[in-house]
file start39.cif (mmCIF, C-alpha atoms)
data_coords
#
loop_
_atom_site.label_atom_id
_atom_site.label_comp_id
_atom_site.auth_asym_id
_atom_site.auth_seq_id
_atom_site.Cartn_x
_atom_site.Cartn_y
_atom_site.Cartn_z
CA MET A 715 -9.02 18.11 -96.24
CA TYR A 716 -8.09 16.08 -93.15
CA LYS A 717 -8.30 12.65 -94.77
CA ASN A 718 -5.12 13.42 -96.71
CA ILE A 719 -3.06 13.03 -93.54
CA LEU A 720 -1.07 9.81 -93.85
CA ARG A 721 -0.36 7.35 -91.06
CA ALA A 722 3.21 6.80 -89.89
CA GLU A 723 4.74 3.42 -89.25
CA GLY A 724 8.20 4.19 -87.91
CA ASN A 725 9.03 6.81 -90.54
CA CYS A 726 7.45 10.03 -91.73
CA PRO A 727 5.14 9.00 -94.57
CA TYR A 728 6.18 12.10 -96.54
CA CYS A 729 9.96 12.48 -96.24
CA GLY A 730 10.88 9.11 -94.73
CA ALA A 731 12.54 10.58 -91.63
CA LYS A 732 12.91 7.96 -88.90
CA ILE A 733 10.69 8.41 -85.83
CA LEU A 734 12.97 7.86 -82.85
CA PHE A 735 12.23 4.98 -80.47
CA TYR A 736 9.25 3.83 -82.52
CA TYR A 737 7.53 0.70 -81.22
CA ASP A 738 4.12 0.15 -82.83
CA LYS A 739 2.59 -1.67 -79.82
CA GLU A 740 3.38 1.21 -77.47
CA TRP A 741 0.47 3.17 -75.95
CA ARG A 742 1.17 6.87 -75.44
CA TYR A 743 -1.19 9.65 -74.46
CA GLY A 744 -1.55 12.81 -76.49
CA SER A 745 -2.58 13.94 -79.93
CA PRO A 746 -2.27 11.27 -82.62
CA VAL A 747 -1.75 14.10 -85.14
CA ARG A 748 1.97 14.80 -85.06
CA ASN A 749 4.32 17.02 -87.04
CA CYS A 750 7.47 15.65 -88.66
CA LYS A 751 10.56 17.26 -87.17
CA LYS A 752 12.28 17.16 -90.57
CA CYS A 753 9.68 18.25 -93.16
CA GLY A 754 7.03 19.76 -90.82
CA LYS A 755 4.09 17.90 -92.40
CA LYS A 756 1.30 16.38 -90.31
CA TYR A 757 0.95 12.64 -89.97
CA VAL A 758 -1.05 10.28 -87.73
CA ASP A 759 0.90 8.30 -85.15
CA GLU A 760 -1.39 5.53 -83.90
CA ARG A 761 0.72 4.99 -80.78
CA TYR A 762 -0.83 8.20 -79.39
CA HIS A 763 -4.32 8.19 -77.92
CA GLU A 764 -6.63 10.98 -76.76
CA ILE A 765 -7.97 9.80 -73.40
CA VAL A 766 -11.30 11.58 -73.90
CA VAL A 767 -11.79 9.84 -77.24
CA GLU A 768 -10.27 6.39 -76.73
CA GLY A 769 -9.94 6.05 -72.96
CA ILE A 770 -6.91 4.72 -71.13
CA GLU A 771 -4.85 1.71 -72.14
CA PRO A 772 -6.66 -1.54 -71.35
CA GLY A 773 -5.13 -2.95 -68.19
CA ALA A 774 -3.29 0.26 -67.31
CA LEU A 775 -4.60 0.09 -63.75
CA SER A 776 -4.39 -3.69 -63.40
CA ILE A 777 -2.40 -5.14 -60.52
CA LYS A 778 -3.12 -8.59 -61.99
CA ARG A 779 -1.41 -7.67 -65.28
CA ASN A 780 1.62 -6.46 -63.33
CA GLY A 781 1.64 -9.71 -61.34
CA ILE A 782 1.63 -11.74 -64.55
CA GLY A 783 4.44 -9.59 -65.92
CA MET A 784 6.44 -10.10 -62.73
CA LEU A 785 5.97 -13.89 -62.97
CA ILE A 786 7.16 -13.88 -66.57
CA MET A 787 10.22 -11.82 -65.61
CA LEU A 788 10.88 -14.13 -62.67
CA GLY A 789 10.70 -17.11 -65.05
CA ILE A 790 13.20 -15.47 -67.39
CA PHE A 791 15.46 -14.73 -64.44
CA LEU A 792 15.29 -18.30 -63.10
CA VAL A 793 15.93 -19.94 -66.49
CA SER A 794 18.85 -17.59 -67.12
CA PHE A 795 20.21 -18.17 -63.63
CA LEU A 796 20.00 -21.96 -63.95
CA ILE A 797 21.73 -21.96 -67.34
CA HIS A 798 24.40 -19.59 -66.01
CA PHE A 799 24.82 -21.73 -62.87
CA TYR A 800 25.17 -24.89 -64.98
CA GLN A 801 27.74 -23.27 -67.27
CA VAL A 802 29.86 -21.99 -64.38
CA ASN A 803 29.74 -25.18 -62.30
CA GLN A 804 29.76 -27.87 -64.99
CA LYS A 805 31.68 -26.33 -67.87
CA SER A 806 33.81 -23.78 -66.00
CA THR A 807 32.71 -21.12 -68.48
CA TYR A 808 29.87 -18.65 -68.81
CA ASP A 809 28.04 -16.57 -71.35
CA LEU A 810 27.43 -12.90 -70.57
CA THR A 811 24.12 -13.14 -72.43
CA PHE A 812 22.53 -14.97 -69.50
CA CYS A 813 23.93 -12.42 -67.06
CA ALA A 814 22.31 -9.70 -69.17
CA PHE A 815 19.00 -11.60 -69.17
CA MET A 816 19.12 -11.81 -65.37
CA VAL A 817 19.77 -8.07 -65.01
CA ILE A 818 17.02 -7.20 -67.51
CA ALA A 819 14.56 -9.54 -65.76
CA LEU A 820 15.34 -7.97 -62.37
CA LEU A 821 14.84 -4.50 -63.83
CA GLY A 822 11.54 -5.66 -65.35
CA ILE A 823 10.38 -6.99 -61.98
CA LEU A 824 11.37 -3.69 -60.34
CA LEU A 825 9.40 -1.69 -62.93
CA PHE A 826 6.30 -3.86 -62.40
CA VAL A 827 6.62 -3.40 -58.62
CA ILE A 828 6.93 0.38 -59.02
CA ASP A 829 3.91 0.48 -61.34
CA SER A 830 1.89 -1.60 -58.85
CA ILE A 831 2.83 0.79 -56.04
CA ARG A 832 1.79 3.76 -58.21
CA ILE A 833 -1.58 2.08 -58.84
CA LEU A 834 -2.14 1.24 -55.16
CA THR A 835 -1.19 4.72 -53.93
CA GLY A 836 -3.30 6.48 -56.57
CA THR A 837 -0.42 8.41 -58.16
CA LYS A 838 -1.01 6.70 -61.51
CA VAL A 839 -4.70 7.66 -61.45
CA LYS A 840 -3.71 11.27 -60.70
CA LYS A 841 -1.31 11.29 -63.64
CA LEU A 842 -3.97 9.85 -65.94
CA GLU A 843 -6.41 12.52 -64.74
CA ARG A 844 -3.89 15.25 -65.62
CA LEU A 845 -3.48 13.68 -69.07
CA ARG A 846 -7.29 13.54 -69.45
CA GLU A 847 -7.52 17.26 -68.63
CA GLN A 848 -4.89 17.98 -71.31
CA SER A 849 -6.94 15.89 -73.75
CA VAL A 850 -10.09 17.89 -72.93
CA LYS A 851 -8.17 21.12 -73.52
CA ARG A 852 -6.99 19.94 -76.95
CA LEU A 853 -10.47 18.78 -77.94
CA GLN A 854 -11.99 22.13 -76.99
CA ASN A 855 -10.28 23.39 -80.14
CA TRP A 856 -13.13 22.79 -82.62
CA SER A 857 -10.89 22.43 -85.69
CA TYR A 858 -8.75 19.81 -83.93
CA ALA A 859 -11.86 17.86 -82.87
CA LYS A 860 -13.18 17.96 -86.46
CA GLU A 861 -9.78 16.85 -87.76
CA LEU A 862 -9.83 13.80 -85.46
CA GLU A 863 -13.40 13.00 -86.48
CA ALA A 864 -12.47 13.19 -90.18
CA LEU A 865 -9.60 10.78 -89.49
CA GLY A 866 -12.10 8.27 -88.12
CA TYR A 867 -11.78 8.85 -84.38
CA PRO A 868 -15.06 8.66 -82.38
CA VAL A 869 -14.97 12.20 -80.99
CA PRO A 870 -17.72 12.87 -78.41
CA GLU A 871 -20.50 15.18 -79.70
CA GLU A 872 -19.83 17.81 -77.02
CA TYR A 873 -16.56 18.75 -78.77
CA LEU A 874 -17.92 18.96 -82.34
#
call {"tool": "encode", "arguments": {"input": "start39.cif", "output": "structure tokens"}}
result
Amino acid sequence: MYKNILRAEGNCPYCGAKILFYYDKEWRYGSPVRNCKKCGKKYVDERYHEIVVEGIEPGALSIKRNGIGMLIMLGIFLVSFLIHFYQVNQKSTYDLTFCAFMVIALLGILLFVIDSIRILTGTKVKKLERLREQSVKRLQNWSYAKELEALGYPVPEEYL
């Protein structure tokens, strides 16, 4: 019964409706069993993860990962700045693309700093705990837990 649910990859596997802002490498928390807004049929969206079943995203609480991300963004900023600086001073022209790269890199650095602060202050752990409690609540529904198990998810025995 449950194995007939198809997996989505950017579009509803039944009617082809586009899933907005779909990025397959994204890690979201919640039920992987979703309903299409257009046709109403159930599909599996592998971007979604039940914390109780699959845990949290690897590296989600890593300051080191954020530091590496900040260094990469800083590198992008510096390369863009140097190219922009060269264009303005040597060629008396500029390309807005490098200005955009600098702004995006600065925003990326800011987001990594904010995430690091959330990790250090414990607010990210609190949010993940709230999401875990929501996951427990969903899995207490026996039919939902069985559905996930039939789809190949390693549901803990206590929910089956």
call {"tool": "closest_residue", "arguments": {"input": "start39.cif", "among": "A:Phe812, A:Asn749, A:Pro727, A:Gly866", "to": "A:Tyr800", "atoms": "all atoms listed in the file"}}
result
A:Phe812
call {"tool": "closest_residue", "arguments": {"input": "start39.cif", "among": "A:Lys755, A:Lys841, A:Lys851, A:Lys805", "to": "A:Asn718", "atoms": "all atoms listed in the file"}}
result
A:Lys755
call {"tool": "resolve_selection", "arguments": {"input": "start39.cif", "expression": "the PyMOL selection byres ((chain A and resi 757) around 6)", "output": "list of chain:residue names"}}
result
A:Ile719, A:Leu720, A:Arg721, A:Val747, A:Arg748, A:Lys756, A:Val758
call {"tool": "resolve_selection", "arguments": {"input": "start39.cif", "expression": "the PyMOL selection byres ((chain A and resi 811) around 12)", "output": "ChimeraX atom specification"}}
result
/A:791,794-795,797-798,801,808-810,812-818
call {"tool": "closest_residue", "arguments": {"input": "start39.cif", "among": "A:Phe735, A:Gly730, A:Glu861, A:Val827", "to": "A:Ile782", "atoms": "all atoms listed in the file"}}
result
A:Val827
call {"tool": "closest_residue", "arguments": {"input": "start39.cif", "among": "A:Leu785, A:Ile823, A:Ile831, A:Ile765", "to": "A:Trp741", "atoms": "all atoms listed in the file"}}
result
A:Ile765
call {"tool": "residues_around", "arguments": {"input": "start39.cif", "residues": "A:Lys838", "least_positions_apart": "6", "cutoff": "12 Å", "atoms": "only C-alpha atoms", "output": "ChimeraX atom specification"}}
result
/A:770,774-777,828-832,844-845
call {"tool": "atom_distance", "arguments": {"input": "start39.cif", "atom1": "atom CA of A:Leu874", "atom2": "atom CA of A:Leu862"}}
result
10.1 Å
call {"tool": "closest_residue", "arguments": {"input": "start39.cif", "among": "A:Arg852, A:His763, A:Lys752, A:Lys840", "to": "A:Tyr728", "atoms": "only C-alpha atoms"}}
result
A:Lys752
call {"tool": "resolve_selection", "arguments": {"input": "start39.cif", "expression": "the PyMOL selection byres ((chain A and resi 743) around 6)", "output": "list in words"}}
result
Arg742, Gly744, Tyr762 and His763 of chain A
call {"tool": "closest_residue", "arguments": {"input": "start39.cif", "among": "A:Gln848, A:Ile790, A:Ile833, A:Leu796", "to": "A:Lys778", "atoms": "all atoms listed in the file"}}
result
A:Ile833
call {"tool": "atom_distance", "arguments": {"input": "start39.cif", "atom1": "atom CA of A:Ile786", "atom2": "atom CA of A:Phe799"}}
result
19.7 Å
call {"tool": "residues_around", "arguments": {"input": "start39.cif", "residues": "A:Glu872", "least_positions_apart": "3", "cutoff": "12 Å", "atoms": "all atoms listed in the file", "output": "NGL selection string"}}
result
:A and (766-767 or 850 or 853-856 or 859-860 or 868-869)
call {"tool": "atom_distance", "arguments": {"input": "start39.cif", "atom1": "atom CA of A:Ser857", "atom2": "atom CA of A:Cys729"}}
result
25.4 Å
call {"tool": "decode", "arguments": {"input": "start39.cif", "residues": "stretch 736-752 of chain A", "atoms": "N, CA, C and O atoms", "output": "PDB file, in the first residue's frame"}}
result
ATOM      1  N   TYR A 736      12.911  24.221  -4.896  1.00  0.00           N
ATOM      2  CA  TYR A 736      13.437  22.871  -4.720  1.00  0.00           C
ATOM      3  C   TYR A 736      14.940  22.856  -4.965  1.00  0.00           C
ATOM      4  O   TYR A 736      15.420  23.264  -6.017  1.00  0.00           O
ATOM      5  N   TYR A 737      15.679  22.398  -3.956  1.00  0.00           N
ATOM      6  CA  TYR A 737      17.123  22.198  -4.074  1.00  0.00           C
ATOM      7  C   TYR A 737      17.399  20.850  -3.430  1.00  0.00           C
ATOM      8  O   TYR A 737      17.216  20.685  -2.217  1.00  0.00           O
ATOM      9  N   ASP A 738      17.810  19.866  -4.227  1.00  0.00           N
ATOM     10  CA  ASP A 738      17.873  18.481  -3.748  1.00  0.00           C
ATOM     11  C   ASP A 738      18.892  18.238  -2.632  1.00  0.00           C
ATOM     12  O   ASP A 738      18.776  17.262  -1.908  1.00  0.00           O
ATOM     13  N   LYS A 739      19.868  19.114  -2.448  1.00  0.00           N
ATOM     14  CA  LYS A 739      20.869  18.924  -1.390  1.00  0.00           C
ATOM     15  C   LYS A 739      20.433  19.550  -0.050  1.00  0.00           C
ATOM     16  O   LYS A 739      21.111  19.419   0.945  1.00  0.00           O
ATOM     17  N   GLU A 740      19.301  20.219  -0.069  1.00  0.00           N
ATOM     18  CA  GLU A 740      18.804  20.901   1.122  1.00  0.00           C
ATOM     19  C   GLU A 740      18.380  19.882   2.179  1.00  0.00           C
ATOM     20  O   GLU A 740      17.905  18.796   1.856  1.00  0.00           O
ATOM     21  N   TRP A 741      18.539  20.231   3.444  1.00  0.00           N
ATOM     22  CA  TRP A 741      18.153  19.358   4.554  1.00  0.00           C
ATOM     23  C   TRP A 741      17.097  20.101   5.362  1.00  0.00           C
ATOM     24  O   TRP A 741      17.392  21.088   6.024  1.00  0.00           O
ATOM     25  N   ARG A 742      15.862  19.616   5.282  1.00  0.00           N
ATOM     26  CA  ARG A 742      14.756  20.211   6.036  1.00  0.00           C
ATOM     27  C   ARG A 742      14.256  19.192   7.045  1.00  0.00           C
ATOM     28  O   ARG A 742      14.414  17.990   6.857  1.00  0.00           O
ATOM     29  N   TYR A 743      13.609  19.693   8.076  1.00  0.00           N
ATOM     30  CA  TYR A 743      13.055  18.815   9.105  1.00  0.00           C
ATOM     31  C   TYR A 743      11.544  18.761   8.956  1.00  0.00           C
ATOM     32  O   TYR A 743      10.891  19.767   8.706  1.00  0.00           O
ATOM     33  N   GLY A 744      11.005  17.554   9.109  1.00  0.00           N
ATOM     34  CA  GLY A 744       9.570  17.359   8.999  1.00  0.00           C
ATOM     35  C   GLY A 744       9.299  16.026   8.332  1.00  0.00           C
ATOM     36  O   GLY A 744      10.193  15.221   8.102  1.00  0.00           O
ATOM     37  N   SER A 745       8.054  15.809   8.005  1.00  0.00           N
ATOM     38  CA  SER A 745       7.657  14.555   7.374  1.00  0.00           C
ATOM     39  C   SER A 745       8.122  14.517   5.929  1.00  0.00           C
ATOM     40  O   SER A 745       7.861  15.455   5.166  1.00  0.00           O
ATOM     41  N   PRO A 746       8.790  13.427   5.522  1.00  0.00           N
ATOM     42  CA  PRO A 746       9.169  13.298   4.120  1.00  0.00           C
ATOM     43  C   PRO A 746       7.972  12.972   3.225  1.00  0.00           C
ATOM     44  O   PRO A 746       8.057  13.088   2.008  1.00  0.00           O
ATOM     45  N   VAL A 747       6.857  12.578   3.823  1.00  0.00           N
ATOM     46  CA  VAL A 747       5.639  12.288   3.062  1.00  0.00           C
ATOM     47  C   VAL A 747       4.864  13.600   2.931  1.00  0.00           C
ATOM     48  O   VAL A 747       4.395  14.161   3.912  1.00  0.00           O
ATOM     49  N   ARG A 748       4.802  14.109   1.722  1.00  0.00           N
ATOM     50  CA  ARG A 748       4.180  15.399   1.456  1.00  0.00           C
ATOM     51  C   ARG A 748       2.965  15.211   0.545  1.00  0.00           C
ATOM     52  O   ARG A 748       2.829  14.186  -0.110  1.00  0.00           O
ATOM     53  N   ASN A 749       2.115  16.210   0.506  1.00  0.00           N
ATOM     54  CA  ASN A 749       0.962  16.207  -0.386  1.00  0.00           C
ATOM     55  C   ASN A 749       1.146  17.284  -1.443  1.00  0.00           C
ATOM     56  O   ASN A 749       1.504  18.418  -1.112  1.00  0.00           O
ATOM     57  N   CYS A 750       0.896  16.931  -2.685  1.00  0.00           N
ATOM     58  CA  CYS A 750       0.989  17.889  -3.781  1.00  0.00           C
ATOM     59  C   CYS A 750      -0.106  18.936  -3.616  1.00  0.00           C
ATOM     60  O   CYS A 750      -1.266  18.601  -3.366  1.00  0.00           O
ATOM     61  N   LYS A 751       0.265  20.198  -3.760  1.00  0.00           N
ATOM     62  CA  LYS A 751      -0.707  21.278  -3.630  1.00  0.00           C
ATOM     63  C   LYS A 751      -1.677  21.322  -4.814  1.00  0.00           C
ATOM     64  O   LYS A 751      -2.770  21.839  -4.704  1.00  0.00           O
ATOM     65  N   LYS A 752      -1.257  20.733  -5.946  1.00  0.00           N
ATOM     66  CA  LYS A 752      -2.103  20.765  -7.138  1.00  0.00           C
ATOM     67  C   LYS A 752      -3.051  19.569  -7.213  1.00  0.00           C
ATOM     68  O   LYS A 752      -4.258  19.735  -7.333  1.00  0.00           O
TER      69      LYS A 752
END
